[in-house]
$ cat structure-v7.tsv   # TSV, C-alpha atoms
chain	number	residue	atom	x	y	z
A	434	MET	CA	39.77	52.54	-147.91
A	435	LYS	CA	40.50	49.36	-145.93
A	436	PRO	CA	42.94	49.40	-142.93
A	437	LEU	CA	45.26	47.01	-144.82
A	438	ILE	CA	45.77	49.64	-147.56
A	439	TYR	CA	46.64	52.28	-144.97
A	440	PHE	CA	49.29	49.95	-143.50
A	441	SER	CA	50.70	49.15	-146.93
A	442	ILE	CA	51.44	52.77	-147.74
A	443	LEU	CA	53.32	53.45	-144.46
A	444	PRO	CA	57.06	54.22	-144.84
A	445	LYS	CA	59.08	51.03	-145.24
A	446	ALA	CA	61.49	52.03	-142.46
A	447	PHE	CA	58.62	52.35	-140.02
A	448	VAL	CA	57.14	48.99	-141.00
A	449	PHE	CA	60.57	47.37	-140.66
A	450	SER	CA	60.96	48.84	-137.15
A	451	VAL	CA	57.56	47.50	-136.07
A	452	VAL	CA	58.37	44.02	-137.38
A	453	VAL	CA	61.73	43.97	-135.57
A	454	PHE	CA	60.06	45.09	-132.34
A	455	LEU	CA	57.36	42.43	-132.57
A	456	MET	CA	59.92	39.71	-133.28
A	457	ALA	CA	62.04	40.79	-130.31
A	458	PHE	CA	58.96	40.90	-128.07
A	459	ARG	CA	57.93	37.42	-129.15
A	460	SER	CA	61.46	36.09	-128.67
A	461	GLU	CA	61.60	37.50	-125.12
A	462	SER	CA	58.13	36.14	-124.40
A	463	ASP	CA	59.14	32.67	-125.63
A	464	LYS	CA	62.29	32.87	-123.51
A	465	ASN	CA	60.29	33.71	-120.39
A	466	GLU	CA	57.92	30.84	-121.07
A	467	GLN	CA	60.80	28.41	-121.45
A	468	GLU	CA	62.67	29.47	-118.31
A	469	PRO	CA	61.57	27.32	-115.38
A	470	ALA	CA	60.36	29.14	-112.30
A	471	LYS	CA	62.93	29.26	-109.53
A	472	PRO	CA	62.03	26.98	-106.62
A	473	GLN	CA	60.84	28.64	-103.43
A	474	THR	CA	63.29	28.88	-100.56
A	475	ILE	CA	62.81	29.09	-96.80
A	476	MET	CA	65.63	31.19	-95.33
A	477	LEU	CA	66.06	31.25	-91.56
A	478	ALA	CA	68.68	33.13	-89.56
A	479	LEU	CA	68.89	32.01	-85.93
A	480	LEU	CA	70.49	34.65	-83.67
A	481	LEU	CA	71.29	33.11	-80.29
A	482	ASP	CA	72.34	34.89	-77.12
A	483	THR	CA	75.41	33.02	-75.81
A	484	SER	CA	75.91	34.99	-72.61
A	485	ASN	CA	76.34	33.11	-69.32
A	486	SER	CA	72.64	32.72	-68.57
A	487	MET	CA	71.81	31.08	-71.90
A	488	ASP	CA	73.08	27.53	-71.48
A	489	GLY	CA	69.51	26.27	-71.46
A	490	LEU	CA	68.69	28.07	-74.73
A	491	ILE	CA	71.71	26.59	-76.49
A	492	ASP	CA	70.82	23.17	-75.12
A	493	GLN	CA	67.30	23.46	-76.55
A	494	ALA	CA	68.68	24.51	-79.93
A	495	LYS	CA	71.03	21.52	-80.02
A	496	SER	CA	68.39	19.04	-78.95
A	497	GLN	CA	65.64	20.35	-81.23
A	498	LEU	CA	67.53	21.09	-84.47
A	499	TRP	CA	66.35	17.94	-86.25
A	500	LYS	CA	62.75	18.33	-85.11
A	501	ILE	CA	62.76	21.80	-86.64
A	502	VAL	CA	64.37	20.54	-89.86
A	503	ASN	CA	61.75	17.79	-90.16
A	504	GLU	CA	58.94	20.31	-89.79
A	505	LEU	CA	60.52	22.53	-92.44
A	506	ALA	CA	60.99	19.56	-94.77
A	507	ALA	CA	57.27	18.81	-94.56
A	508	ALA	CA	56.39	22.12	-96.27
A	509	LYS	CA	54.83	22.03	-99.73
A	510	CYS	CA	54.70	24.80	-102.34
A	511	SER	CA	51.43	25.60	-104.14
A	512	ASP	CA	52.54	23.50	-107.14
A	513	GLY	CA	53.24	20.46	-104.96
A	514	THR	CA	57.03	20.82	-105.00
A	515	GLN	CA	59.10	21.22	-101.84
A	516	PRO	CA	60.98	24.42	-101.01
A	517	ASN	CA	64.73	24.65	-100.57
A	518	ILE	CA	65.83	25.20	-96.97
A	519	LYS	CA	68.72	27.39	-95.87
A	520	ILE	CA	69.70	28.13	-92.28
A	521	ALA	CA	72.19	30.64	-90.86
A	522	LEU	CA	73.51	30.86	-87.33
A	523	TYR	CA	74.80	33.80	-85.30
A	524	GLU	CA	75.85	34.15	-81.68
A	525	TYR	CA	75.81	37.43	-79.80
A	526	GLY	CA	76.25	38.72	-76.25
A	527	ASN	CA	79.38	36.67	-75.62
A	528	ASP	CA	82.31	38.49	-73.96
A	529	GLY	CA	84.69	36.13	-75.74
A	530	LEU	CA	83.81	37.84	-79.02
A	531	PRO	CA	85.42	41.11	-80.23
A	532	GLU	CA	83.97	44.25	-78.67
A	533	SER	CA	84.65	46.07	-81.95
A	534	GLU	CA	82.19	43.71	-83.68
A	535	GLY	CA	79.49	44.27	-81.05
A	536	TYR	CA	80.17	40.89	-79.40
A	537	ILE	CA	78.69	39.25	-82.50
A	538	ARG	CA	79.90	36.34	-84.64
A	539	GLN	CA	78.55	34.74	-87.79
A	540	VAL	CA	78.77	31.06	-86.91
A	541	SER	CA	77.45	29.90	-90.29
A	542	PRO	CA	76.12	31.74	-93.37
A	543	LEU	CA	72.85	30.74	-95.02
A	544	SER	CA	73.49	27.12	-95.98
A	545	ASP	CA	71.69	23.91	-96.92
A	546	ASP	CA	74.56	21.87	-95.40
A	547	LEU	CA	72.75	20.67	-92.30
A	548	ASP	CA	75.74	18.79	-90.92
A	549	VAL	CA	77.67	22.06	-90.83
A	550	ILE	CA	74.81	23.75	-88.97
A	551	SER	CA	74.81	20.92	-86.43
A	552	GLU	CA	78.60	20.99	-86.11
A	553	LYS	CA	78.64	24.76	-85.49
A	554	LEU	CA	75.72	24.62	-83.09
A	555	PHE	CA	77.42	22.00	-80.94
A	556	SER	CA	80.57	24.14	-80.84
A	557	LEU	CA	78.82	27.07	-79.11
A	558	ARG	CA	79.86	27.96	-75.57
A	559	THR	CA	78.39	30.62	-73.28
A	560	ASN	CA	80.42	33.45	-71.73
A	561	GLY	CA	79.73	36.96	-70.50
A	562	GLY	CA	77.89	39.29	-71.82
A	563	ASN	CA	76.62	42.38	-73.53
A	564	GLU	CA	73.58	41.63	-75.68
A	565	PHE	CA	73.05	44.10	-78.53
A	566	CYS	CA	69.91	42.96	-80.36
A	567	GLY	CA	69.70	45.78	-82.89
A	568	HIS	CA	73.35	45.31	-83.79
A	569	VAL	CA	73.12	41.57	-84.44
A	570	ILE	CA	69.93	41.97	-86.51
A	571	LYS	CA	71.59	44.65	-88.67
A	572	THR	CA	74.74	42.54	-89.04
A	573	SER	CA	72.78	39.50	-90.23
A	574	LEU	CA	70.91	41.64	-92.76
A	575	THR	CA	74.17	43.01	-94.15
A	576	GLN	CA	76.25	39.83	-94.19
A	577	LEU	CA	73.80	37.18	-95.33
A	578	ALA	CA	72.86	36.52	-98.97
A	579	TRP	CA	69.13	37.13	-98.59
A	580	SER	CA	67.02	36.38	-101.65
A	581	ALA	CA	65.39	39.26	-103.54
A	582	SER	CA	62.38	37.09	-104.45
A	583	ASP	CA	59.06	37.98	-102.86
A	584	ALA	CA	58.07	34.30	-103.13
A	585	ASP	CA	60.72	33.21	-100.64
A	586	LEU	CA	60.08	33.04	-96.90
A	587	LYS	CA	62.82	35.05	-95.15
A	588	MET	CA	62.85	35.12	-91.35
A	589	ILE	CA	65.11	36.07	-88.47
A	590	PHE	CA	64.64	34.44	-85.07
A	591	ILE	CA	66.45	36.26	-82.29
A	592	ALA	CA	66.45	34.76	-78.79
A	593	GLY	CA	67.73	36.28	-75.55
A	594	ASN	CA	66.76	37.66	-72.14
A	595	GLU	CA	68.11	41.20	-71.82
A	596	PRO	CA	66.33	44.44	-72.88
A	597	PHE	CA	65.94	44.69	-76.66
A	598	THR	CA	67.19	48.28	-76.54
A	599	GLN	CA	70.84	47.69	-75.61
A	600	GLY	CA	73.73	48.74	-77.86
A	601	SER	CA	74.50	51.60	-80.23
A	602	VAL	CA	72.33	50.28	-83.09
A	603	SER	CA	68.65	50.91	-82.44
A	604	TYR	CA	66.36	47.96	-82.92
A	605	GLN	CA	63.89	50.28	-84.68
A	606	LEU	CA	66.47	51.04	-87.40
A	607	ALA	CA	67.51	47.39	-87.74
A	608	CYS	CA	63.92	46.16	-87.97
A	609	SER	CA	63.06	48.84	-90.53
A	610	GLN	CA	65.94	47.61	-92.69
A	611	ALA	CA	64.66	44.05	-92.31
A	612	LYS	CA	61.20	45.11	-93.47
A	613	GLU	CA	62.71	46.78	-96.55
A	614	LYS	CA	64.41	43.49	-97.45
A	615	GLY	CA	61.22	41.51	-96.88
A	616	VAL	CA	62.75	39.77	-93.86
A	617	VAL	CA	60.43	39.09	-90.92
A	618	VAL	CA	61.97	39.48	-87.45
A	619	ASN	CA	60.58	37.11	-84.82
A	620	THR	CA	61.61	37.62	-81.21
A	621	ILE	CA	61.92	34.92	-78.54
A	622	PHE	CA	62.25	36.24	-74.99
A	623	CYS	CA	63.75	33.74	-72.60
A	624	GLY	CA	61.68	34.40	-69.52
A	625	ASP	CA	58.31	35.82	-68.49
A	626	PHE	CA	56.02	36.86	-71.34
A	627	ASN	CA	55.10	40.21	-69.78
A	628	GLU	CA	58.73	41.04	-69.05
A	629	GLY	CA	59.45	40.49	-72.72
A	630	ILE	CA	56.79	43.05	-73.58
A	631	LEU	CA	58.16	45.57	-71.08
A	632	THR	CA	61.71	45.19	-72.44
A	633	ASN	CA	60.62	45.84	-76.06
A	634	TRP	CA	60.96	42.33	-77.48
A	635	LYS	CA	57.36	42.46	-78.68
A	636	SER	CA	57.92	45.91	-80.16
A	637	GLY	CA	60.82	44.56	-82.22
A	638	ALA	CA	58.67	41.82	-83.71
A	639	ASP	CA	55.73	44.16	-84.35
A	640	LEU	CA	57.84	46.45	-86.54
A	641	THR	CA	58.14	43.77	-89.25
A	642	GLY	CA	54.87	41.96	-88.65
A	643	GLY	CA	56.77	39.18	-86.89
A	644	THR	CA	55.80	37.06	-83.91
A	645	PHE	CA	56.76	37.70	-80.30
A	646	MET	CA	57.16	34.59	-78.15
A	647	SER	CA	58.47	33.68	-74.73
A	648	ILE	CA	60.01	30.39	-73.63
A	649	GLN	CA	61.48	28.99	-70.45
A	650	GLN	CA	64.99	28.41	-71.72
A	651	ASN	CA	66.00	26.10	-68.89
A	652	SER	CA	63.24	23.62	-69.63
A	653	LYS	CA	64.61	20.34	-70.93
A	654	THR	CA	63.41	18.86	-74.19
A	655	VAL	CA	61.07	15.99	-73.39
A	656	TYR	CA	61.31	13.00	-75.70
A	657	VAL	CA	58.78	10.21	-76.02
A	658	PRO	CA	60.68	6.94	-76.50
A	659	THR	CA	58.99	4.73	-79.07
A	660	PRO	CA	59.28	1.08	-80.17
A	661	TYR	CA	60.55	2.34	-83.55
A	662	ASP	CA	63.60	4.33	-82.42
A	663	ASP	CA	66.11	1.48	-82.35
A	664	LYS	CA	65.09	0.19	-85.77
A	665	ILE	CA	65.34	3.68	-87.28
A	666	ALA	CA	68.77	4.10	-85.66
A	667	THR	CA	69.93	0.83	-87.23
A	668	LEU	CA	68.64	1.93	-90.63
A	669	ASN	CA	70.46	5.25	-90.15
A	670	ASP	CA	73.76	3.38	-89.78
A	671	GLN	CA	72.95	1.46	-92.96
A	672	LEU	CA	72.10	4.74	-94.68
A	673	ASN	CA	75.59	6.06	-93.95
A	674	THR	CA	77.13	3.21	-95.98
A	675	THR	CA	75.45	4.58	-99.12
A	676	TYR	CA	77.48	7.80	-99.01
A	677	ILE	CA	80.52	7.85	-101.30
A	678	TYR	CA	82.90	10.65	-100.46
A	679	TYR	CA	84.96	12.47	-103.08
A	680	GLY	CA	87.14	15.57	-103.27
A	681	LYS	CA	89.77	17.03	-100.99
A	682	THR	CA	87.45	17.36	-97.99
A	683	GLY	CA	85.21	14.36	-98.73
A	684	SER	CA	86.72	12.02	-96.15
A	685	TYR	CA	86.44	14.68	-93.43
A	686	LYS	CA	82.83	15.48	-94.34
A	687	LYS	CA	81.87	11.81	-94.16
A	688	SER	CA	83.43	11.57	-90.69
A	689	GLN	CA	81.44	14.67	-89.71
A	690	GLN	CA	78.25	12.92	-90.77
A	691	VAL	CA	78.92	10.20	-88.19
A	692	LEU	CA	79.96	12.77	-85.57
A	693	GLN	CA	76.68	14.65	-85.97
A	694	ASP	CA	74.83	11.33	-85.60
A	695	ASN	CA	76.65	10.92	-82.29
A	696	ASN	CA	75.83	14.49	-81.24
A	697	ALA	CA	72.16	13.81	-81.90
A	698	GLU	CA	72.33	10.51	-80.02
A	699	SER	CA	73.82	12.31	-77.00
A	700	TYR	CA	70.24	13.49	-76.38
A	701	GLY	CA	68.87	9.97	-76.70
A	702	MET	CA	67.82	7.47	-79.36
A	703	SER	CA	64.65	9.44	-80.06
A	704	ASN	CA	66.70	12.42	-81.15
A	705	LYS	CA	68.94	10.22	-83.29
A	706	ALA	CA	65.75	8.95	-84.93
A	707	GLU	CA	64.74	12.57	-85.65
A	708	ARG	CA	68.07	13.12	-87.39
A	709	ALA	CA	67.65	9.92	-89.42
A	710	VAL	CA	64.29	11.22	-90.62
A	711	SER	CA	65.97	14.50	-91.64
A	712	LYS	CA	68.59	12.52	-93.56
A	713	SER	CA	65.77	10.80	-95.43
A	714	SER	CA	64.21	14.08	-96.57
A	715	HIS	CA	64.94	16.37	-99.53
A	716	ALA	CA	66.41	18.91	-97.10
A	717	TYR	CA	69.53	16.82	-96.48
A	718	LYS	CA	71.88	17.53	-99.40
A	719	ASN	CA	75.56	16.67	-99.68
A	720	SER	CA	76.46	17.27	-103.32
A	721	SER	CA	79.73	18.95	-102.31
A	722	TRP	CA	81.21	15.69	-100.99
A	723	ASP	CA	78.90	12.75	-101.80
A	724	LEU	CA	78.97	11.27	-105.31
A	725	VAL	CA	75.40	9.98	-105.13
A	726	ASP	CA	73.94	13.43	-104.47
A	727	ALA	CA	76.43	15.14	-106.81
A	728	ALA	CA	75.58	12.81	-109.70
A	729	LYS	CA	71.92	13.78	-109.44
A	730	ASP	CA	72.94	17.38	-110.15
A	731	ASN	CA	75.59	16.57	-112.76
A	732	GLU	CA	76.53	13.03	-113.80
A	733	LYS	CA	79.82	14.30	-115.24
A	734	VAL	CA	81.26	14.48	-111.73
A	735	ILE	CA	81.64	10.67	-111.79
A	736	THR	CA	83.94	10.85	-114.80
A	737	GLU	CA	85.75	14.04	-113.86
A	738	VAL	CA	86.65	13.31	-110.23
A	739	LYS	CA	90.33	12.46	-109.71
A	740	THR	CA	91.15	8.88	-108.71
A	741	GLU	CA	93.14	10.04	-105.68
A	742	ASP	CA	90.04	11.88	-104.41
A	743	LEU	CA	87.94	8.69	-104.27
A	744	PRO	CA	87.56	6.14	-101.46
A	745	ALA	CA	89.84	3.07	-101.57
A	746	GLU	CA	87.15	0.72	-102.94
A	747	MET	CA	86.70	2.91	-106.04
A	748	LYS	CA	90.29	3.75	-106.96
A	749	SER	CA	90.72	0.76	-109.30
A	750	MET	CA	87.29	1.09	-110.97
A	751	THR	CA	86.78	2.01	-114.59
A	752	ILE	CA	84.46	4.91	-115.43
A	753	GLU	CA	81.63	2.51	-116.25
A	754	GLN	CA	82.17	0.60	-113.01
A	755	ARG	CA	82.01	3.89	-111.12
A	756	LYS	CA	78.66	4.74	-112.72
A	757	VAL	CA	77.21	1.32	-111.87
A	758	TYR	CA	78.50	1.54	-108.28
A	759	VAL	CA	77.05	5.03	-107.72
A	760	GLN	CA	73.71	3.93	-109.18
A	761	GLN	CA	73.63	0.89	-106.88
A	762	LYS	CA	74.24	3.07	-103.84
A	763	SER	CA	71.55	5.50	-105.01
A	764	VAL	CA	68.96	2.72	-105.25
A	765	GLU	CA	70.03	1.31	-101.89
A	766	ARG	CA	69.77	4.73	-100.26
A	767	LYS	CA	66.29	5.37	-101.61
A	768	LYS	CA	65.10	2.02	-100.27
A	769	ILE	CA	66.47	2.72	-96.78
A	770	GLN	CA	65.08	6.27	-96.72
A	771	THR	CA	61.65	5.01	-97.71
A	772	GLU	CA	61.72	2.48	-94.89
A	773	ILE	CA	62.78	5.15	-92.37
A	774	LEU	CA	59.97	7.47	-93.43
A	775	SER	CA	57.45	4.64	-93.25
A	776	LEU	CA	58.55	3.77	-89.71
A	777	ASN	CA	58.46	7.43	-88.77
A	778	LYS	CA	54.75	7.65	-89.61
A	779	GLN	CA	54.10	4.93	-87.05
A	780	ARG	CA	56.50	6.64	-84.65
A	781	GLN	CA	54.69	9.96	-84.90
A	782	GLU	CA	51.34	8.30	-84.26
A	783	TYR	CA	52.81	6.68	-81.14
A	784	ILE	CA	54.23	10.01	-79.94
A	785	SER	CA	50.92	11.79	-80.52
A	786	LYS	CA	49.11	9.26	-78.34
A	787	ASN	CA	51.71	9.14	-75.56
A	788	ALA	CA	53.07	12.69	-75.29
A	789	SER	CA	52.62	14.30	-71.89
A	790	GLN	CA	51.46	17.89	-71.52
A	791	GLN	CA	55.02	18.84	-70.54
A	792	SER	CA	56.36	17.64	-73.88
A	793	LYS	CA	53.71	19.73	-75.65
A	794	ASP	CA	54.59	22.97	-73.82
A	795	ALA	CA	55.96	25.78	-75.98
A	796	MET	CA	59.72	25.57	-76.32
A	797	LEU	CA	62.14	26.82	-78.95
A	798	ASP	CA	61.08	24.41	-81.72
A	799	ALA	CA	57.35	24.79	-81.16
A	800	SER	CA	57.60	28.58	-80.96
A	801	MET	CA	59.63	28.79	-84.16
A	802	MET	CA	57.41	26.47	-86.17
A	803	LYS	CA	54.24	28.28	-85.13
A	804	ALA	CA	55.66	31.55	-86.48
A	805	ILE	CA	57.03	29.91	-89.64
A	806	LYS	CA	53.71	28.30	-90.53
A	807	GLN	CA	51.79	31.52	-89.94
A	808	LYS	CA	53.99	33.50	-92.34
A	809	GLY	CA	54.44	30.54	-94.68
A	810	ASN	CA	50.74	30.55	-95.47
A	811	ALA	CA	51.13	34.04	-96.95
A	812	LYS	CA	53.81	32.62	-99.26
A	813	LYS	CA	51.45	29.79	-100.30
A	814	LEU	CA	53.41	27.22	-98.32
A	815	LYS	CA	51.34	24.47	-96.74
A	816	TRP	CA	51.88	21.88	-94.02
A	817	GLU	CA	49.66	18.79	-93.94

$ encode --input "structure-v7.tsv" --output "C-alpha cells"
Amino acid sequence: MKPLIYFSILPKAFVFSVVVFLMAFRSESDKNEQEPAKPQTIMLALLLDTSNSMDGLIDQAKSQLWKIVNELAAAKCSDGTQPNIKIALYEYGNDGLPESEGYIRQVSPLSDDLDVISEKLFSLRTNGGNEFCGHVIKTSLTQLAWSASDADLKMIFIAGNEPFTQGSVSYQLACSQAKEKGVVVNTIFCGDFNEGILTNWKSGADLTGGTFMSIQQNSKTVYVPTPYDDKIATLNDQLNTTYIYYGKTGSYKKSQQVLQDNNAESYGMSNKAERAVSKSSHAYKNSSWDLVDAAKDNEKVITEVKTEDLPAEMKSMTIEQRKVYVQQKSVERKKIQTEILSLNKQRQEYISKNASQQSKDAMLDASMMKAIKQKGNAKKLKWE
C-alpha cells in the first residue's frame, strides 16, 4: 500500500491538527523573514573618578569626546551598515555626592544625544573623595538599559587612581554580574601601569575579558593644527543654520548646540573641527528637537507640530510650505556635511604626517578605542 493511502485513512481530527500546525509554522516563518534585523548598537558607559586628583582625567575626557565619537562613527557592521551609538556617563568618588549612594551619580543614561553628553561632561567638577569601583560598576549595570542582544557591543570603561578594592561592593561580584549581562569591563588606571596591577585594576578587567590600561591623566591633549580647521569651522557654523527647532524644548536645544560648539572650541579650532566632523556623521541625531532629522523618521511630524512650537520664520507657513522648507534645509545640510567630510580626509592625512610622538602617546581616547576595536571584531564590527 502506498504512503498516500496510509495518510488518507488517518483520523480526520488528526489530519486537521497537522494542517493547522503547519500553517501556523509557515505563518511564523514568513513573519520572521519579513521582520528586518535590528541594527547593531555600540553601548558605552564611561565611569569617571571625580575626586580631587582627577582634574586631568576630566580634562582629557572633555577634550577628546569628539575624537572618540568620530572613531565610533567609522565602525561598519558586517552587512555594510553603521551601528547605533549610545553613551552613558557616571561620576564617582566625589564627596559632594550622597554617601548613601556610594558617592556615585548617574550623569547621563545611555543616550544617542551627543550634545547632552557634552553638556553633562563639561558640568563635572572634582571634589573629595572615596572611590568605590565595585559599587559604581554594579550601579551602572542596574540602572542602565543594557541591550539583551548578543550582537551588540556593550562596554564599561572605568577610570580612576585608587585601589580597585575599596567600598562595600566587591569588584569581583560586580564584574561577575557584568559578565552575565554580556558587558565587558575595561579598566583605566590613572598612573603607573604596575601600580594598577598591584591595586587590582587589571584583575577587574580580566574577570570579564576586558582590557586593562594605564594613562597619565595630567597629560594634555596634543592637537595638530591644520590648514583645514578654519574652513571646517566656518562650514560648521553654516551647518547650524540647517537645524529647525520644534517642540517645547526645541529653542533651548538649539542654543545648546551652539554652546557645545563653543565648549569644543575652548580646546582650540582643531577640536571644534573634530566636533564638526561628528555633526556630519550618522552618530549625531537630533530627532527630538530638529524637524529635518525628525522628518526622516516620520514625515507626519511636519504636519502635526503646533504652530507656536515652531521658529518665527515658519509660523505663517502652510503645511506644504513647511514640507518644502524642511526639504530645502535637508538638502543644504547634506551638501555641507559632505564638504566637511571631504575636507576631513585631507585634514587626517595632514595630521598623520605631522603628528609628534607626544600626540601619539596613549591617552584616554587612544586607550578606549584600542579596547573597543579589539572587542568589536568579535561582534563583526570593522574599522577601515

$ residues_around --input "structure-v7.tsv" --residues "Lys664 in chain A" --least-positions-apart "4" --cutoff "12 Å" --atoms "all atoms listed in the file" --output "number ranges by chain"
A: 659-660, 668-671, 702-703, 705-706, 709, 769, 772-777, 780

$ residues_near_point --input "structure-v7.tsv" --point "(73.1, 9.6, -87.3)" --cutoff "10 Å" --atoms "only C-alpha atoms" --output "list in words"
Ile665, Ala666, Thr667, Leu668, Asn669, Asp670, Gln671, Leu672, Asn673, Gln690, Val691, Leu692, Gln693, Asp694, Asn695, Asn696, Ala697, Glu698, Met702, Asn704, Lys705, Ala706, Glu707, Arg708, Ala709, Val710, Ser711 and Lys712 of chain A

$ residues_around --input "structure-v7.tsv" --residues "Ala507 in chain A" --least-positions-apart "4" --cutoff "9 Å" --atoms "only C-alpha atoms" --output "mmCIF file with C-alpha atoms, keeping the file's coordinate frame"
data_model
loop_
_atom_site.group_PDB
_atom_site.id
_atom_site.type_symbol
_atom_site.label_atom_id
_atom_site.label_comp_id
_atom_site.auth_asym_id
_atom_site.auth_seq_id
_atom_site.Cartn_x
_atom_site.Cartn_y
_atom_site.Cartn_z
ATOM 1 C CA VAL A 502 64.370 20.540 -89.860
ATOM 2 C CA ASN A 503 61.750 17.790 -90.160
ATOM 3 C CA GLN A 515 59.100 21.220 -101.840
ATOM 4 C CA SER A 714 64.210 14.080 -96.570
ATOM 5 C CA LYS A 815 51.340 24.470 -96.740
ATOM 6 C CA TRP A 816 51.880 21.880 -94.020
ATOM 7 C CA GLU A 817 49.660 18.790 -93.940
#

$ atom_distance --input "structure-v7.tsv" --atom1 "CA of Ala727 in chain A" --atom2 "CA of Ile520 in chain A"
20.6 Å

$ residues_around --input "structure-v7.tsv" --residues "Pro516 in chain A" --least-positions-apart "3" --cutoff "9 Å" --atoms "only C-alpha atoms" --output "list of chain:residue names"
A:Pro472, A:Gln473, A:Thr474, A:Ile475, A:Leu505, A:Ala506, A:Ala508, A:Lys509, A:Cys510, A:Asp585, A:Ala716, A:Leu814

$ residues_near_point --input "structure-v7.tsv" --point "(63.9, 43.6, -90.9)" --cutoff "9 Å" --atoms "only C-alpha atoms" --output "JSON, numbers by chain"
{"A": [570, 571, 574, 588, 589, 606, 607, 608, 609, 610, 611, 612, 613, 614, 615, 616, 617, 618, 640, 641]}

$ closest_residue --input "structure-v7.tsv" --among "A:Asn787, A:Asn594, A:Gln689, A:Gln605" --to "Lys553 in chain A" --atoms "only C-alpha atoms"
A:Gln689

$ atom_distance --input "structure-v7.tsv" --atom1 "CA of Gly561 in chain A" --atom2 "CA of Leu530 in chain A"
9.5 Å

$ closest_residue --input "structure-v7.tsv" --among "A:Ala592, A:Ser544, A:Cys566, A:Ala811" --to "Ile491 in chain A" --atoms "all atoms listed in the file"
A:Ala592

$ closest_residue --input "structure-v7.tsv" --among "A:Met802, A:Ala638, A:Ile501, A:Met646" --to "Ile621 in chain A" --atoms "all atoms listed in the file"
A:Met646

$ closest_residue --input "structure-v7.tsv" --among "A:Ile630, A:Met487, A:Ile784, A:Ile648" --to "Gly526 in chain A" --atoms "all atoms listed in the file"
A:Met487

$ decode --input "structure-v7.tsv" --residues "range 767-802 of chain A" --atoms "C-alpha atoms" --output "PDB file, in the first residue's frame"
ATOM      1  CA  LYS A 767      23.748  67.062   3.277  1.00  0.00           C
ATOM      2  CA  LYS A 768      25.819  69.253   0.963  1.00  0.00           C
ATOM      3  CA  ILE A 769      27.630  70.929   3.876  1.00  0.00           C
ATOM      4  CA  GLN A 770      28.231  67.624   5.673  1.00  0.00           C
ATOM      5  CA  THR A 771      29.696  66.103   2.525  1.00  0.00           C
ATOM      6  CA  GLU A 772      32.075  69.033   2.175  1.00  0.00           C
ATOM      7  CA  ILE A 773      33.144  68.760   5.828  1.00  0.00           C
ATOM      8  CA  LEU A 774      33.863  65.039   5.485  1.00  0.00           C
ATOM      9  CA  SER A 775      35.811  65.626   2.285  1.00  0.00           C
ATOM     10  CA  LEU A 776      37.968  68.275   3.972  1.00  0.00           C
ATOM     11  CA  ASN A 777      38.441  65.999   6.959  1.00  0.00           C
ATOM     12  CA  LYS A 778      40.064  63.330   4.781  1.00  0.00           C
ATOM     13  CA  GLN A 779      42.701  65.868   3.793  1.00  0.00           C
ATOM     14  CA  ARG A 780      42.928  67.014   7.404  1.00  0.00           C
ATOM     15  CA  GLN A 781      43.569  63.496   8.676  1.00  0.00           C
ATOM     16  CA  GLU A 782      46.293  62.952   6.088  1.00  0.00           C
ATOM     17  CA  TYR A 783      47.956  66.177   7.244  1.00  0.00           C
ATOM     18  CA  ILE A 784      47.722  65.131  10.908  1.00  0.00           C
ATOM     19  CA  SER A 785      49.164  61.696  10.151  1.00  0.00           C
ATOM     20  CA  LYS A 786      52.203  63.272   8.508  1.00  0.00           C
ATOM     21  CA  ASN A 787      52.774  65.970  11.129  1.00  0.00           C
ATOM     22  CA  ALA A 788      51.831  64.366  14.457  1.00  0.00           C
ATOM     23  CA  SER A 789      54.627  64.295  17.021  1.00  0.00           C
ATOM     24  CA  GLN A 790      55.315  61.214  19.125  1.00  0.00           C
ATOM     25  CA  GLN A 791      53.790  63.025  22.113  1.00  0.00           C
ATOM     26  CA  SER A 792      50.465  63.358  20.326  1.00  0.00           C
ATOM     27  CA  LYS A 793      50.546  59.625  19.555  1.00  0.00           C
ATOM     28  CA  ASP A 794      51.144  58.572  23.180  1.00  0.00           C
ATOM     29  CA  ALA A 795      48.363  56.553  24.803  1.00  0.00           C
ATOM     30  CA  MET A 796      45.789  58.776  26.434  1.00  0.00           C
ATOM     31  CA  LEU A 797      42.129  58.299  27.277  1.00  0.00           C
ATOM     32  CA  ASP A 798      40.834  58.299  23.686  1.00  0.00           C
ATOM     33  CA  ALA A 799      43.557  56.046  22.294  1.00  0.00           C
ATOM     34  CA  SER A 800      43.222  53.591  25.178  1.00  0.00           C
ATOM     35  CA  MET A 801      39.449  53.391  24.813  1.00  0.00           C
ATOM     36  CA  MET A 802      39.468  52.939  21.047  1.00  0.00           C
TER      37      MET A 802
END
